[in-house]
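Peer 1: Take a look at the following structure, please.
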Amino acid sequence: MDDGFAIKVDHVSKTFRLPLEKQTSLKGVLINFFRGGKRRYMKQKALNNVSFEIKKGEFFGIVGRNGSGKSTMLKLLAGIYSPSEGVIKINGKLTPFIELGVGFNPELTGRENVFLNGALLGFNRKEMQAMYDDIVSFAELHKFMDQKLKNYSSGMQVRLAFSIAIRAKSDILLIDEVLAVGDVAFQEKCFDVFRTIKSEGRTVVFVSHDLNGLQEFCDRAVLIDYGDQINIGNTENIIMEYETRMAKDNSNAAAAQYGDRPGSGKYIVEKVDVSDATGKPINSMKVGDEFTVSVQYKRNEPVEELICGVSIVDANGISIIGPNTKEAGFKLTRKDLEASNKIVAKFNNNPLSPGIYTVTVGLFSENGTSPYDYLTSATSFKIIGKARHGKVTTEPNWSIS
């Protein structure tokens, strides 16, 4: 056996057979009997021909949208599922952090569950007694250990389960969104544990929607989309490719939402595009890249004045940038208003921080209060780069005074 690898995944596929009808009733059983006892199924391919190798001591990420097959892959690695095709080789002792709390008994106290879960991990009672205080301290559950587990919140149960699970001295750890229900302070404590594990040179396979966490910890990553392996390599590049695909999907979804909207309809927005410095339509860009928003409009009824406003809105619905032609002193001429035309807003200085943004466009009368057309989420785009604090990115000149 090659001691250089921890995990080998060789052309692995996983297909599930899903029954098309339930047979929980007498009627269902009779129908199935008269069919000759054969149930009807449909096949769902969760993973298709996936291959990668993880080296010993590597922190490896699996990236993809919901339903892409990430969790299925972890369950295959954990031995919960068997591959439909292909081979998986594990070189070392493995502990899955996939469904924390499996093995907990809700009718037992937190204290009793500590010893029960520890036994499932292979520790004897004496070893668990030596670790007990540290487990409770890390979980911050001193006041609750003699209460039944069924009275714990989901967050409390995850904290306790994680505090026990990290005691396992395994060569390989599988981690799947186990921190999703923990509070921010506890998540930071868990990240400190990850840093310790990484410094110890242990192998970790990490699935998370926290892209910043993936980028901080993972040496490499694989991108899976709808069961297909898209790419594998440097984590930053994989995340950038994932975000680009997501931004494109969001843009297509936003474009499909054109419909009834406020306004008299004298002028209407026909199309909104985001382009790069060369004029090429884009769905994503790096921090600081200049970009252009183009608003194609159509005249249905002549007017004397037209104001165009463009708002860049973040994922929380907050307008980060909201310029308009009137405030900029840009006046459309009579000729500009005689027919369909295109207004172009070029952002030479792009201060937007990493994230997904949508574009809202409004066409207004001279006073700026009566809309001719108002289109929210006309399109969307992604700003890619290292996470920074704040909604906009600008670097001051630092000094000591």
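Residues are named by chain letter and number: chains run A, B, ... in the order of the structure tokens, numbers start at 1 in each chain, and ligands are numbered from 1 in the order shown.
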Got a sec: who's within 9 Å of A:Leu337, counting only C-alpha atoms, leaving out chain neighbours fewer than 4 positions off, as a PyMOL selection string?
Peer 2: chain A and resi 299+302-306+332-333+341
Peer 1: Run DSSP on the backbone and tell me which residues of stretch 74-284 of chain A come out as strand (DSSP E); list them as a PyMOL selection string.
Peer 2: chain A and resi 85-90+94-97+172-176+203-207+220-225+228-234+267-275+284
Peer 1: Rank nothing, just name the residue among A:Arg65, A:His11, A:Lys391, A:Arg245 nearest to A:Ser284, using only C-alpha atoms.
Peer 2: A:Arg245
Peer 1: Identify, with DSSP run on backbone atoms, the residues in stretch 162-331 of chain A assigned to helix (DSSP H, G or I), and express the list as number ranges by chain.
Peer 2: A: 162-165, 184-199, 211-217, 235-255
Peer 1: For A:Ser275, work out the shell of residues within 7 Å, counting only C-alpha atoms and skipping chain neighbours fewer than 3 positions away, then give it as a list in words.
Peer 2: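 The filter keeps Gly279, Lys280, Pro281, Ile282, Phe291, Thr292 and Val293 of chain A.
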Peer 1: Would you list the contacts of stretch 137-154 of chain A as a PyMOL selection string, taking every protein, DNA or RNA residue within 7 Å and counting only C-alpha atoms, but skipping same-chain residues closer than 3 positions in sequence?
Peer 2: chain A and resi 106-111+133-134+157-160+163
Peer 1: What's around stretch 16-20 of chain A at 6 Å? Count only C-alpha atoms, leave out sequence neighbours fewer than 3 positions away in its own chain, and write the answer as a list in words.
Peer 2: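 Answer for this query is Arg40, Tyr41, Met42, Lys43 and Gln44 of chain A.
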Peer 1: Please, which residues in stretch 155-205 of chain A fall within 9 Å of stretch 66-87 of chain A when counting only C-alpha atoms, and what is the closest atom pair and distance in Å to one decimal for each, ordered by chain then residue number, as CSV?
Peer 2:
```
residue,atom,partner,partner_atom,distance
A:Leu174,CA,A:Leu74,CA,6.8
A:Ile175,CA,A:Leu74,CA,8.2
A:Asp176,CA,A:Ser71,CA,7.0
A:Val205,CA,A:Leu74,CA,8.1
```
Peer 1: Output all heavy atoms of each residue in that selection to a file, as a PDB file, in the first residue's frame.
Peer 2:
```pdb
ATOM      1  N   LEU A 174     -13.758  13.439   8.760  1.00  0.00           N
ATOM      2  CA  LEU A 174     -14.721  13.897   7.754  1.00  0.00           C
ATOM      3  C   LEU A 174     -15.665  14.883   8.425  1.00  0.00           C
ATOM      4  O   LEU A 174     -16.326  14.538   9.403  1.00  0.00           O
ATOM      5  CB  LEU A 174     -15.519  12.722   7.190  1.00  0.00           C
ATOM      6  CG  LEU A 174     -14.737  11.531   6.635  1.00  0.00           C
ATOM      7  CD1 LEU A 174     -15.706  10.490   6.088  1.00  0.00           C
ATOM      8  CD2 LEU A 174     -13.765  11.975   5.556  1.00  0.00           C
ATOM      9  N   ILE A 175     -15.720  16.103   7.914  1.00  0.00           N
ATOM     10  CA  ILE A 175     -16.505  17.164   8.562  1.00  0.00           C
ATOM     11  C   ILE A 175     -17.502  17.729   7.565  1.00  0.00           C
ATOM     12  O   ILE A 175     -17.128  18.250   6.514  1.00  0.00           O
ATOM     13  CB  ILE A 175     -15.591  18.284   9.081  1.00  0.00           C
ATOM     14  CG1 ILE A 175     -14.562  17.712  10.054  1.00  0.00           C
ATOM     15  CG2 ILE A 175     -16.404  19.380   9.758  1.00  0.00           C
ATOM     16  CD1 ILE A 175     -13.523  18.716  10.528  1.00  0.00           C
ATOM     17  N   ASP A 176     -18.808  17.652   7.906  1.00  0.00           N
ATOM     18  CA  ASP A 176     -19.867  18.068   6.986  1.00  0.00           C
ATOM     19  C   ASP A 176     -20.819  19.045   7.659  1.00  0.00           C
ATOM     20  O   ASP A 176     -21.756  18.628   8.335  1.00  0.00           O
ATOM     21  CB  ASP A 176     -20.640  16.844   6.500  1.00  0.00           C
ATOM     22  CG  ASP A 176     -21.756  17.198   5.511  1.00  0.00           C
ATOM     23  OD1 ASP A 176     -21.717  18.310   4.967  1.00  0.00           O
ATOM     24  OD2 ASP A 176     -22.649  16.375   5.302  1.00  0.00           O
ATOM     25  N   VAL A 205     -11.234  16.021   5.544  1.00  0.00           N
ATOM     26  CA  VAL A 205     -12.082  16.287   4.380  1.00  0.00           C
ATOM     27  C   VAL A 205     -13.215  17.174   4.876  1.00  0.00           C
ATOM     28  O   VAL A 205     -13.973  16.789   5.771  1.00  0.00           O
ATOM     29  CB  VAL A 205     -12.635  14.988   3.769  1.00  0.00           C
ATOM     30  CG1 VAL A 205     -13.450  15.307   2.522  1.00  0.00           C
ATOM     31  CG2 VAL A 205     -11.502  14.032   3.427  1.00  0.00           C
TER      32      VAL A 205
END
```
Peer 1: Which residue gives the smallest distance to A:Pro371 among A:Met285, A:Ile307, A:Cys218, A:Val193, with only C-alpha atoms counted?
Peer 2: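 Nearest candidate to A:Pro371 out of A:Met285, A:Ile307, A:Cys218, A:Val193: A:Ile307.
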Peer 1: Considering only C-alpha atoms, return as a count of residues only whatever protein or nucleic-acid residues lie within 12 Å of A:Glu395, sequence-local ones (same chain, fewer than 4 positions apart) excluded.
Peer 2: 6
Peer 1: How far is it from atom CA of A:Ala165 to atom CA of A:Ile62, in Å with one decimal?
Peer 2: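 Those two atoms sit 20.9 Å apart.
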Peer 1: For A:Asn48, list every protein, DNA or RNA residue within 9 Å, evaluated using only C-alpha atoms, and leave out those in the same chain fewer than 3 positions away; present the list as a count of residues only.
Peer 2: 11
